[in-house]
$ cat start-v9.cif   # mmCIF, C-alpha atoms
data_input
loop_
_atom_site.label_atom_id
_atom_site.label_comp_id
_atom_site.auth_asym_id
_atom_site.auth_seq_id
_atom_site.Cartn_x
_atom_site.Cartn_y
_atom_site.Cartn_z
CA MET B 978 109.66 105.89 93.06
CA ILE B 979 112.70 104.53 91.20
CA ASP B 980 112.60 104.69 87.41
CA ASN B 981 116.03 105.34 85.97
CA GLY B 982 115.91 102.83 83.12
CA GLN B 983 118.37 100.40 84.69
CA ASP B 984 117.80 96.69 85.07
CA MET B 985 117.55 97.09 88.84
CA LYS B 986 118.75 94.18 90.99
CA ALA B 987 118.88 95.65 94.49
CA VAL B 988 117.65 98.73 96.35
CA VAL B 989 118.70 99.80 99.85
CA VAL B 990 116.31 102.12 101.70
CA LYS B 991 116.06 103.71 105.12
CA ALA B 992 113.17 103.05 107.48
CA ASP B 993 111.48 106.23 106.22
CA GLY B 994 111.64 105.04 102.62
CA THR B 995 114.57 107.20 101.55
CA VAL B 996 116.68 105.45 98.91
CA VAL B 997 120.26 104.90 100.06
CA SER B 998 121.62 103.08 97.01
CA THR B 999 120.67 101.00 93.98
CA SER B 1000 122.51 98.32 92.06
CA SER B 1001 122.24 96.64 88.66
CA ASP B 1002 124.95 94.10 89.57
CA GLY B 1003 123.64 90.58 88.93
CA SER B 1004 125.43 89.23 91.99
CA ALA B 1005 123.14 91.41 94.15
CA ASP B 1006 120.02 89.89 92.63
CA VAL B 1007 117.98 88.09 95.33
CA THR B 1008 114.96 87.49 93.11
CA PRO B 1009 113.56 84.03 93.88
CA GLY B 1010 112.72 81.46 91.28
CA THR B 1011 110.47 78.46 91.62
CA TYR B 1012 109.13 75.35 89.93
CA TYR B 1013 106.14 75.17 87.59
CA ALA B 1014 104.63 71.71 87.22
CA PRO B 1015 103.35 70.42 83.85
CA PRO B 1016 99.56 70.40 83.31
CA ASP B 1017 99.40 66.59 83.66
CA ASP B 1018 100.45 66.90 87.31
CA TYR B 1019 97.22 68.79 88.03
CA GLN B 1020 94.60 66.10 88.67
CA LEU B 1021 91.58 68.33 88.17
CA SER B 1022 88.08 66.94 88.61
CA GLY B 1023 84.87 68.12 86.98
CA SER B 1024 83.00 67.15 83.85
CA THR B 1025 84.89 69.66 81.71
CA LYS B 1026 88.65 69.99 81.89
CA PRO B 1027 89.90 73.59 81.78
CA ALA B 1028 91.69 74.72 78.66
CA THR B 1029 95.35 75.68 78.66
CA ILE B 1030 96.67 78.97 77.34
CA ALA B 1031 100.19 80.37 77.04
CA ARG B 1032 100.85 83.50 79.05
CA ASP B 1033 102.05 85.27 75.90
CA ARG B 1034 98.52 84.79 74.51
CA LEU B 1035 97.09 86.97 77.29
CA VAL B 1036 97.09 90.78 77.12
CA GLU B 1037 97.44 92.79 80.32
CA VAL B 1038 94.42 95.03 80.91
CA LYS B 1039 94.82 96.09 84.54
CA ARG B 1040 97.05 95.27 87.49
CA PHE B 1041 94.99 94.30 90.55
CA GLY B 1042 97.73 93.53 93.05
CA SER B 1043 100.43 91.04 93.88
CA PHE B 1044 100.20 88.11 91.47
CA VAL B 1045 96.73 89.13 90.22
CA ASP B 1046 95.93 90.92 86.94
CA VAL B 1047 92.95 91.50 84.67
CA VAL B 1048 93.78 90.18 81.20
CA ARG B 1049 92.13 89.34 77.88
CA PRO B 1050 92.97 86.57 75.43
CA VAL B 1051 94.71 87.75 72.27
CA SER B 1052 92.12 85.82 70.26
CA GLN B 1053 89.10 87.22 72.15
CA PRO B 1054 89.57 90.97 72.70
CA SER B 1055 86.17 91.44 74.36
CA GLU B 1056 86.65 88.78 77.05
CA ARG B 1057 87.97 89.78 80.46
CA LEU B 1058 89.66 87.33 82.80
CA VAL B 1059 91.41 87.43 86.17
CA PHE B 1060 94.90 85.93 85.94
CA LYS B 1061 96.28 84.60 89.23
CA HIS B 1062 99.87 83.34 89.22
CA TYR B 1063 102.85 82.72 91.48
CA GLU B 1064 106.46 83.79 91.23
CA ASP B 1065 108.07 82.08 94.24
CA ASP B 1066 107.63 78.95 96.34
CA LYS B 1067 105.75 80.69 99.15
CA VAL B 1068 102.42 80.45 97.36
CA ILE B 1069 102.83 77.14 95.51
CA THR B 1070 100.46 75.47 97.95
CA ASP B 1071 97.82 78.19 97.57
CA VAL B 1072 97.78 77.97 93.78
CA TRP B 1073 97.95 74.17 93.79
CA TYR B 1074 94.97 73.76 96.11
CA SER B 1075 92.85 76.59 94.71
CA ALA B 1076 93.17 75.34 91.12
CA HIS B 1077 91.92 71.90 92.19
CA PHE B 1078 89.13 73.34 94.33
CA LEU B 1079 87.92 75.73 91.61
CA ALA B 1080 87.82 72.87 89.12
CA GLY B 1081 85.93 70.71 91.59
CA MET B 1082 83.32 73.44 92.20
CA ALA B 1083 83.18 74.64 88.58
CA GLU B 1084 79.56 73.63 88.03
CA HIS B 1085 78.31 75.25 91.24
CA PRO B 1086 76.29 78.45 90.61
CA ASN B 1087 77.84 80.29 93.57
CA PHE B 1088 81.56 79.76 92.95
CA VAL B 1089 83.78 81.44 90.40
CA ALA B 1090 84.86 79.01 87.68
CA LEU B 1091 88.34 77.94 86.57
CA ARG B 1092 88.78 79.05 82.94
CA HIS B 1093 92.38 78.19 81.93
CA LEU B 1094 95.61 76.79 83.23
CA VAL B 1095 98.23 79.33 82.12
CA LEU B 1096 101.51 77.97 80.79
CA ASP B 1097 105.01 79.45 80.58
CA GLU B 1098 107.27 79.18 77.56
CA ARG B 1099 108.37 75.66 78.56
CA GLY B 1100 104.87 74.35 79.28
CA GLY B 1101 104.79 74.67 83.08
CA VAL B 1102 101.65 75.90 84.84
CA VAL B 1103 102.33 79.38 86.24
CA GLY B 1104 98.75 80.04 87.33
CA TYR B 1105 95.19 80.08 86.12
CA THR B 1106 92.44 82.37 84.89
CA MET B 1107 88.88 82.94 86.07
CA PRO B 1108 86.05 85.01 84.58
CA PHE B 1109 86.20 88.68 85.52
CA ILE B 1110 83.06 89.69 87.44
CA PRO B 1111 82.26 93.44 87.21
CA GLY B 1112 80.49 95.41 89.90
CA GLY B 1113 82.88 95.14 92.81
CA THR B 1114 82.76 93.04 95.98
CA LEU B 1115 80.11 93.24 98.67
CA ARG B 1116 82.57 95.28 100.71
CA SER B 1117 83.43 97.81 98.01
CA ALA B 1118 79.83 98.19 96.77
CA ARG B 1119 78.01 98.08 100.09
CA ARG B 1120 76.84 101.69 99.82
CA SER B 1121 75.33 101.27 96.36
CA ARG B 1122 74.07 97.67 96.31
CA ILE B 1123 71.05 96.26 98.11
CA PHE B 1124 72.00 93.09 99.99
CA LYS B 1125 69.24 90.65 99.13
CA LEU B 1126 67.95 87.98 101.48
CA LYS B 1127 68.32 85.39 98.72
CA TRP B 1128 72.08 86.10 98.62
CA ALA B 1129 72.33 85.35 102.35
CA LYS B 1130 70.55 82.03 101.72
CA GLN B 1131 72.84 81.28 98.77
CA LEU B 1132 75.92 81.98 100.89
CA LEU B 1133 74.89 79.54 103.60
CA GLN B 1134 73.87 76.84 101.12
CA ALA B 1135 77.13 77.27 99.18
CA LEU B 1136 79.11 76.82 102.40
CA ASP B 1137 77.21 73.61 103.11
CA ASP B 1138 78.04 72.38 99.61
CA LEU B 1139 81.70 73.32 99.98
CA ASN B 1140 82.18 72.14 103.58
CA LEU B 1141 79.81 69.22 103.98
CA GLU B 1142 79.52 67.84 100.47
CA ARG B 1143 83.06 68.38 99.14
CA GLY B 1144 84.96 68.48 102.41
CA ILE B 1145 86.68 71.85 101.82
CA ASN B 1146 87.11 74.86 104.09
CA HIS B 1147 87.32 78.26 102.37
CA LEU B 1148 89.22 79.86 105.30
CA ASP B 1149 89.07 83.38 103.83
CA LEU B 1150 85.37 84.14 103.74
CA ARG B 1151 85.00 87.91 103.89
CA THR B 1152 82.77 90.53 102.25
CA ARG B 1153 85.78 91.34 100.06
CA ASN B 1154 85.61 87.78 98.68
CA LEU B 1155 81.90 87.89 97.84
CA MET B 1156 80.56 89.26 94.55
CA VAL B 1157 77.35 89.19 92.52
CA ASP B 1158 77.16 87.90 88.97
CA PRO B 1159 75.25 90.62 87.07
CA THR B 1160 74.06 88.05 84.50
CA THR B 1161 72.53 85.51 86.90
CA ASP B 1162 72.04 87.76 89.97
CA ASN B 1163 73.67 85.01 92.02
CA LEU B 1164 76.07 85.53 94.90
CA ILE B 1165 79.57 84.40 93.89
CA ILE B 1166 82.28 83.25 96.31
CA ILE B 1167 85.78 84.02 95.07
CA ASP B 1168 89.42 83.55 96.15
CA LEU B 1169 90.01 79.99 97.30
CA GLY B 1170 93.71 80.70 97.74
CA LYS B 1171 93.65 79.82 101.44
CA ALA B 1172 91.17 76.94 101.15
CA ARG B 1173 92.19 73.53 102.45
CA ILE B 1174 90.77 70.04 102.90
CA ARG B 1175 88.71 69.82 106.10
CA GLY B 1176 90.50 67.79 108.73
CA GLU B 1177 93.89 69.19 107.73
CA ASN B 1178 93.16 72.16 110.01
CA LEU B 1179 90.84 72.98 112.93
CA GLY B 1180 87.93 73.44 110.54
CA THR B 1181 85.78 70.50 111.58
CA CYS B 1182 82.27 70.58 112.89
CA VAL B 1183 83.16 68.59 116.00
CA PRO B 1184 84.66 70.60 118.89
CA PRO B 1185 86.49 69.14 121.87
CA ALA B 1186 84.21 67.26 124.27
CA ALA B 1187 84.85 69.88 126.94
CA PHE B 1188 82.75 72.41 125.00
CA ASN B 1189 79.09 72.64 125.88
CA THR B 1190 76.40 71.85 123.33
CA SER B 1191 74.79 75.24 122.81
CA LEU B 1192 73.77 76.31 119.35
CA VAL B 1193 76.92 78.20 118.43
CA THR B 1194 79.65 76.50 120.41
CA LEU B 1195 79.21 73.37 118.33
CA ASN B 1196 80.53 75.44 115.45
CA LEU B 1197 83.19 77.45 117.22
CA PHE B 1198 85.97 75.37 115.74
CA ASP B 1199 84.79 75.93 112.18
CA PRO B 1200 86.21 79.19 110.81
CA ASP B 1201 83.87 79.18 107.79
CA VAL B 1202 80.83 79.13 110.09
CA ASN B 1203 82.32 81.87 112.23
CA ALA B 1204 83.08 83.94 109.12
CA ALA B 1205 79.51 83.50 107.85
CA ILE B 1206 78.14 84.78 111.17
CA VAL B 1207 80.41 87.82 111.08
CA THR B 1208 79.69 88.52 107.40
CA LEU B 1209 75.91 88.52 107.71
CA HIS B 1210 75.98 90.46 110.98
CA ASP B 1211 78.21 93.08 109.36
CA LEU B 1212 76.08 93.47 106.22
CA VAL B 1213 72.92 93.95 108.30
CA THR B 1214 73.99 95.82 111.43
CA ARG B 1215 77.23 97.52 110.29
CA ASP B 1216 78.64 96.88 113.76
CA PRO B 1217 82.17 98.41 113.74
CA SER B 1218 83.51 95.34 115.53
CA ASP B 1219 82.59 93.18 112.53
CA THR B 1220 85.21 94.85 110.38
CA SER B 1221 87.77 94.03 113.06
CA TRP B 1222 86.58 90.44 113.02
CA GLU B 1223 87.05 90.27 109.26
CA ASP B 1224 90.70 91.16 109.70
CA ASP B 1225 91.24 88.91 112.73
CA GLU B 1226 92.03 85.47 111.37
CA ALA B 1227 92.90 84.08 114.80
CA GLY B 1228 89.54 85.22 116.12
CA LEU B 1229 87.69 83.49 113.32
CA TRP B 1230 89.51 80.28 114.18
CA ASN B 1231 88.85 80.16 117.89
CA GLY B 1232 85.41 81.77 117.71
CA GLU B 1233 85.89 83.69 120.94
CA GLY B 1234 83.14 86.28 121.27
CA ILE B 1235 81.33 85.34 118.06
CA GLU B 1236 78.46 83.69 119.92
CA ALA B 1237 77.28 87.12 121.03
CA LEU B 1238 76.77 88.15 117.41
CA THR B 1239 74.01 85.56 116.97
CA ALA B 1240 71.90 87.00 119.76
CA GLY B 1241 68.75 88.60 118.44
CA PRO B 1242 66.97 90.61 117.52
CA TRP B 1243 69.15 92.26 114.90
CA THR B 1244 68.61 95.91 114.09
CA ALA B 1245 69.48 97.15 110.63
CA HIS B 1246 71.96 100.01 110.43
CA PRO B 1247 70.47 103.16 108.82
CA ASP B 1248 73.00 102.87 105.99
CA ALA B 1249 72.41 99.16 105.40
CA ARG B 1250 70.53 98.53 102.17
CA LEU B 1251 68.37 95.41 102.56
CA ASP B 1252 65.37 93.97 100.74
CA SER B 1253 63.96 92.25 103.87
CA PRO B 1254 63.67 93.03 107.59
CA ALA B 1255 66.86 92.60 109.57
CA GLU B 1256 65.37 89.82 111.66
CA ALA B 1257 64.76 87.75 108.51
CA TYR B 1258 68.55 87.56 108.00
CA HIS B 1259 69.04 86.65 111.64
CA THR B 1260 66.40 83.90 111.42
CA ILE B 1261 67.90 82.14 108.41
CA LEU B 1262 71.32 82.24 110.10
CA THR B 1263 70.14 80.67 113.36
CA ASP B 1264 68.08 78.07 111.49
CA TRP B 1265 71.19 77.21 109.46
CA LEU B 1266 73.29 76.83 112.59
CA ARG B 1267 70.76 74.38 114.05
CA ARG B 1268 70.77 72.31 110.88
CA ARG B 1269 74.57 72.24 110.77
CA ARG B 1270 74.68 70.98 114.36
CA ALA B 1271 72.64 67.91 113.45
CA ASP B 1272 74.10 67.26 110.01
CA PRO B 1273 76.15 64.01 109.91
CA ARG B 1274 78.17 65.41 107.00
CA CYS B 1275 79.98 67.59 109.52
CA ARG B 1276 81.87 64.47 110.53
CA VAL B 1277 82.09 62.72 107.16
CA PRO B 1278 81.67 64.77 103.94
CA ALA B 1279 79.18 63.22 101.54
CA ASN B 1280 81.26 63.49 98.35
CA PRO B 1281 84.76 64.64 99.31
CA LEU B 1282 86.92 66.14 96.60
CA ARG B 1283 90.09 64.12 96.08
CA VAL B 1284 93.08 66.44 95.77
CA PRO B 1285 96.78 65.50 95.76
CA ARG B 1286 98.10 67.02 98.96
CA TYR B 1287 101.34 68.14 97.35
CA MET B 1288 102.63 69.11 93.96
CA PRO B 1289 104.86 66.26 92.71
CA ILE B 1290 108.50 66.82 93.64
CA PRO B 1291 110.45 68.14 90.65
CA PRO B 1292 113.74 66.56 89.59
CA GLY B 1293 116.47 67.32 92.09
CA GLU B 1294 120.13 68.12 91.71
CA THR B 1295 123.13 69.09 93.81
CA VAL B 1296 124.45 72.63 93.51
CA ASP B 1297 127.07 74.68 95.33
CA VAL B 1298 125.27 77.44 97.15
CA LEU B 1299 125.69 79.57 100.26
CA GLY B 1300 123.01 79.83 102.89
CA TYR B 1301 120.44 78.05 100.76
CA GLU B 1302 117.20 76.89 102.37
CA ASP B 1303 115.16 74.50 100.28
CA PRO B 1304 111.57 73.84 101.43
CA LEU B 1305 112.09 70.07 101.09
CA TYR B 1306 115.78 69.66 101.83
CA PRO B 1307 117.00 72.06 104.54
CA ALA B 1308 120.62 72.96 104.01
CA PRO B 1309 123.18 71.91 106.63
CA SER B 1310 124.76 74.72 108.57
CA THR B 1311 127.86 76.10 106.86
CA SER B 1312 130.58 78.47 107.86
CA CYS B 1313 130.14 81.99 106.62
CA GLY B 1314 131.54 82.47 103.15
CA ILE B 1315 131.99 78.78 102.35
CA LEU B 1316 130.08 77.17 99.49
CA SER B 1317 128.59 73.81 100.32
CA PRO B 1318 127.03 71.10 98.09
CA VAL B 1319 123.31 71.04 98.89
CA PRO B 1320 120.58 68.75 97.52
CA VAL B 1321 118.00 70.96 95.79
CA SER B 1322 114.45 69.82 95.07
CA GLY B 1323 113.92 72.45 92.42
CA TYR B 1324 111.01 74.08 94.21
CA LYS B 1325 113.04 77.09 95.27
CA PHE B 1326 116.18 78.82 94.08
CA LEU B 1327 117.65 82.25 93.40
CA ARG B 1328 117.46 83.52 89.87
CA ARG B 1329 121.11 84.55 89.87
CA ASP B 1330 122.19 80.99 90.77
CA ALA B 1331 120.04 79.44 88.06
CA LEU B 1332 121.31 81.83 85.41
CA ARG B 1333 124.91 81.22 86.48
CA ALA B 1334 124.35 77.46 86.12
CA GLY B 1335 122.58 77.80 82.78
CA ARG B 1336 119.24 76.55 84.09
CA PRO B 1337 115.95 77.97 82.69
CA VAL B 1338 114.17 80.67 84.67
CA VAL B 1339 110.70 82.10 84.08
CA ASP B 1340 111.08 85.87 83.72
CA TRP B 1341 108.38 87.98 85.39
CA VAL B 1342 109.99 91.35 84.70
CA ARG B 1343 107.57 93.83 83.12
CA PRO B 1344 107.48 97.60 82.59
CA ALA B 1345 106.60 99.73 85.58
CA SER B 1346 103.09 101.20 85.54
CA THR B 1347 104.58 104.68 85.17
CA ALA B 1348 106.64 103.59 82.15
CA LEU B 1349 103.98 101.72 80.14
CA ASP B 1350 103.75 102.52 76.45
CA ARG B 1351 99.98 102.75 76.06
CA SER B 1352 100.25 102.63 72.28
CA ARG B 1353 101.57 99.05 72.39
CA THR B 1354 100.05 95.73 73.50
CA LEU B 1355 101.60 94.42 76.72
CA LEU B 1356 101.35 90.65 77.16
CA ALA B 1357 101.11 88.76 80.46
CA SER B 1358 104.69 87.58 79.84
CA GLY B 1359 105.84 91.15 80.52
CA ARG B 1360 106.88 91.79 76.91
CA TYR B 1361 105.20 93.89 74.27
CA ALA B 1362 103.53 91.97 71.45
CA ASP B 1363 105.74 93.64 68.84
CA GLU B 1364 108.83 92.21 70.58
CA GLY B 1365 108.17 88.83 69.01
CA GLU B 1366 105.39 87.30 71.12
CA GLY B 1367 101.66 87.07 70.40
CA GLU B 1368 100.00 89.54 68.09
CA ASP B 1369 100.39 93.31 68.03
CA GLU B 1370 96.86 94.69 68.08
CA GLY B 1371 97.80 98.24 68.94
#

$ encode --input "start-v9.cif" --output "structure tokens"
Amino acid sequence: MIDNGQDMKAVVVKADGTVVSTSSDGSADVTPGTYYAPPDDYQLSGSTKPATIARDRLVEVKRFGSFVDVVRPVSQPSERLVFKHYEDDKVITDVWYSAHFLAGMAEHPNFVALRHLVLDERGGVVGYTMPFIPGGTLRSARRSRIFKLKWAKQLLQALDDLNLERGINHLDLRTRNLMVDPTTDNLIIIDLGKARIRGENLGTCVPPAAFNTSLVTLNLFDPDVNAAIVTLHDLVTRDPSDTSWEDDEAGLWNGEGIEALTAGPWTAHPDARLDSPAEAYHTILTDWLRRRRADPRCRVPANPLRVPRYMPIPPGETVDVLGYEDPLYPAPSTSCGILSPVPVSGYKFLRRDALRAGRPVVDWVRPASTALDRSRTLLASGRYADEGEGEDEG
């Protein structure tokens, strides 16, 4: 752990984690910056448009992981939200698509809703919020929660609504992305960060003609179907191989070996907590697979969600940089040590270059967890409320 009070810009470590050196020199700063589009660029569907909220009107409650926090609005201390944001260009596409998909599925009882678009100090969208659902995921709470047959039915119906009605593939369906709303007792599908429009990947219901027409092979090229098979088989049988499947994205895409999981009868694991016989779960799965095989919506979604494929290109400029690689305008090869004028789309840059040129940069620096002052209110902007942002509620 490094916590010496410096504004750290670079750390050099050995393979074993031993710190070799640190630097607070700005020229060593390789922190990336990226573009945040205005709210009007987000063409969100749904009967109710999500509200906007400034990030300095959100109070940090808990840090979940990279780019995900639990927060509460300054104006509503009892409300808990999940704040998902991005800090570099690598996840622009994930946030762009997931915001549109969440808005498009907002009225569905089995998908988490989009609550706010979160804005930076200049009005760009840095991310969004969703309601916080207590109780843990189906993976984390599997020892304490009974897995109800109605939740298995809701999962399969929700996938039909997502895939066949709206034309979207989730692409990250796992027990860790399934929760239960304690208010409605409904299964809730979360994390559409990897979701994409069907047809822009291998996730279609129609396999190559060379495949045979057995029950499962018609779905082998649909990763959401494969993931549903693995998920239900895991929750019922606790087969150790299912956990490996959950972490094998390539396997879920090509479906190799998944057909064997649908073979019955299923036997419930002694530790599996179910409210119905194991074979009841197996039956609804196989019935669902048969219906999917014959459903014409596999080929043409009934009511496809219209989503702009790309965030609009921000204003470009030409800057002198070294070794710059822009996602839209690849830099020409340059000799080592020679600055070269490069067209820059504005999607991606280094913070040090932007600061040197006097361009605005969204600052994501915040106190380390070990250095938090628990007596003060820390905002989602990374600053304490008594430093001139939001309200200090103590």

$ resolve_selection --input "start-v9.cif" --expression "the PyMOL selection byres ((chain B and resi 1119) around 12)" --output "JSON, numbers by chain"
{"B": [1112, 1113, 1114, 1115, 1116, 1117, 1118, 1120, 1121, 1122, 1123, 1124, 1125, 1152, 1153, 1155, 1156, 1157, 1211, 1212, 1213, 1215, 1248, 1249, 1250, 1251]}

$ residues_around --input "start-v9.cif" --residues "Asp1138 (chain B)" --least-positions-apart "4" --cutoff "12 Å" --atoms "all atoms listed in the file" --output "PyMOL selection string"
chain B and resi 1081-1082+1084-1088+1131-1134+1142-1147+1269+1274-1275+1278-1282

$ resolve_selection --input "start-v9.cif" --expression "the PyMOL selection byres ((chain B and resi 1091) around 8)" --output "ChimeraX atom specification"
/B:1027,1076,1079-1080,1083,1089-1090,1092-1093,1105-1108

$ resolve_selection --input "start-v9.cif" --expression "the PyMOL selection byres ((chain B and resi 1343) around 10)" --output "PyMOL selection string"
chain B and resi 1340-1342+1344-1346+1348-1349+1355-1361

$ write_last_selection --input "start-v9.cif" --atoms "C-alpha atoms" --output "mmCIF file, keeping the file's coordinate frame"
data_model
loop_
_atom_site.group_PDB
_atom_site.id
_atom_site.type_symbol
_atom_site.label_atom_id
_atom_site.label_comp_id
_atom_site.auth_asym_id
_atom_site.auth_seq_id
_atom_site.Cartn_x
_atom_site.Cartn_y
_atom_site.Cartn_z
ATOM 1 C CA ASP B 1340 111.080 85.870 83.720
ATOM 2 C CA TRP B 1341 108.380 87.980 85.390
ATOM 3 C CA VAL B 1342 109.990 91.350 84.700
ATOM 4 C CA PRO B 1344 107.480 97.600 82.590
ATOM 5 C CA ALA B 1345 106.600 99.730 85.580
ATOM 6 C CA SER B 1346 103.090 101.200 85.540
ATOM 7 C CA ALA B 1348 106.640 103.590 82.150
ATOM 8 C CA LEU B 1349 103.980 101.720 80.140
ATOM 9 C CA LEU B 1355 101.600 94.420 76.720
ATOM 10 C CA LEU B 1356 101.350 90.650 77.160
ATOM 11 C CA ALA B 1357 101.110 88.760 80.460
ATOM 12 C CA SER B 1358 104.690 87.580 79.840
ATOM 13 C CA GLY B 1359 105.840 91.150 80.520
ATOM 14 C CA ARG B 1360 106.880 91.790 76.910
ATOM 15 C CA TYR B 1361 105.200 93.890 74.270
#

$ atom_distance --input "start-v9.cif" --atom1 "CA of Val1068 (chain B)" --atom2 "CA of Pro1009 (chain B)"
12.2 Å

$ build_atoms --input "start-v9.cif" --residues "region 1114-1121 of chain B" --atoms "all heavy atoms" --output "mmCIF file, keeping the file's coordinate frame"
data_model
loop_
_atom_site.group_PDB
_atom_site.id
_atom_site.type_symbol
_atom_site.label_atom_id
_atom_site.label_comp_id
_atom_site.auth_asym_id
_atom_site.auth_seq_id
_atom_site.Cartn_x
_atom_site.Cartn_y
_atom_site.Cartn_z
ATOM 1 N N THR B 1114 83.099 93.990 94.929
ATOM 2 C CA THR B 1114 82.760 93.040 95.980
ATOM 3 C C THR B 1114 81.654 93.590 96.866
ATOM 4 O O THR B 1114 81.294 94.769 96.780
ATOM 5 C CB THR B 1114 83.991 92.734 96.839
ATOM 6 O OG1 THR B 1114 84.360 93.940 97.552
ATOM 7 C CG2 THR B 1114 85.168 92.281 95.983
ATOM 8 N N LEU B 1115 81.123 92.749 97.737
ATOM 9 C CA LEU B 1115 80.110 93.240 98.670
ATOM 10 C C LEU B 1115 80.670 94.289 99.607
ATOM 11 O O LEU B 1115 79.938 95.155 100.086
ATOM 12 C CB LEU B 1115 79.545 92.071 99.498
ATOM 13 C CG LEU B 1115 78.674 91.050 98.760
ATOM 14 C CD1 LEU B 1115 77.956 90.155 99.759
ATOM 15 C CD2 LEU B 1115 77.677 91.700 97.822
ATOM 16 N N ARG B 1116 81.976 94.239 99.865
ATOM 17 C CA ARG B 1116 82.570 95.280 100.710
ATOM 18 C C ARG B 1116 82.681 96.598 99.962
ATOM 19 O O ARG B 1116 82.287 97.649 100.477
ATOM 20 C CB ARG B 1116 83.951 94.844 101.215
ATOM 21 C CG ARG B 1116 84.691 95.961 101.950
ATOM 22 C CD ARG B 1116 86.034 95.534 102.503
ATOM 23 N NE ARG B 1116 85.899 94.794 103.744
ATOM 24 C CZ ARG B 1116 86.921 94.473 104.529
ATOM 25 N NH1 ARG B 1116 88.149 94.819 104.199
ATOM 26 N NH2 ARG B 1116 86.728 93.813 105.651
ATOM 27 N N SER B 1117 83.192 96.561 98.744
ATOM 28 C CA SER B 1117 83.430 97.810 98.010
ATOM 29 C C SER B 1117 82.133 98.456 97.533
ATOM 30 O O SER B 1117 82.080 99.671 97.341
ATOM 31 C CB SER B 1117 84.357 97.553 96.824
ATOM 32 O OG SER B 1117 83.747 96.688 95.877
ATOM 33 N N ALA B 1118 81.081 97.653 97.324
ATOM 34 C CA ALA B 1118 79.830 98.190 96.770
ATOM 35 C C ALA B 1118 78.711 98.239 97.790
ATOM 36 O O ALA B 1118 77.536 98.346 97.422
ATOM 37 C CB ALA B 1118 79.414 97.348 95.556
ATOM 38 N N ARG B 1119 79.057 98.188 99.062
ATOM 39 C CA ARG B 1119 78.010 98.080 100.090
ATOM 40 C C ARG B 1119 77.140 99.322 100.170
ATOM 41 O O ARG B 1119 75.977 99.247 100.586
ATOM 42 C CB ARG B 1119 78.636 97.786 101.446
ATOM 43 C CG ARG B 1119 79.551 98.863 101.973
ATOM 44 C CD ARG B 1119 80.353 98.388 103.180
ATOM 45 N NE ARG B 1119 79.487 97.958 104.258
ATOM 46 C CZ ARG B 1119 79.919 97.285 105.329
ATOM 47 N NH1 ARG B 1119 81.189 96.955 105.423
ATOM 48 N NH2 ARG B 1119 79.090 96.952 106.287
ATOM 49 N N ARG B 1120 77.635 100.465 99.760
ATOM 50 C CA ARG B 1120 76.840 101.690 99.820
ATOM 51 C C ARG B 1120 75.870 101.816 98.649
ATOM 52 O O ARG B 1120 74.883 102.553 98.732
ATOM 53 C CB ARG B 1120 77.753 102.923 99.856
ATOM 54 C CG ARG B 1120 78.592 103.040 101.125
ATOM 55 C CD ARG B 1120 79.424 104.310 101.136
ATOM 56 N NE ARG B 1120 80.207 104.439 102.342
ATOM 57 C CZ ARG B 1120 79.762 104.926 103.492
ATOM 58 N NH1 ARG B 1120 78.498 105.342 103.578
ATOM 59 N NH2 ARG B 1120 80.547 105.004 104.555
ATOM 60 N N SER B 1121 76.155 101.123 97.558
ATOM 61 C CA SER B 1121 75.330 101.270 96.360
ATOM 62 C C SER B 1121 74.462 100.056 96.053
ATOM 63 O O SER B 1121 73.516 100.154 95.277
ATOM 64 C CB SER B 1121 76.224 101.554 95.146
ATOM 65 O OG SER B 1121 77.146 100.492 94.934
#
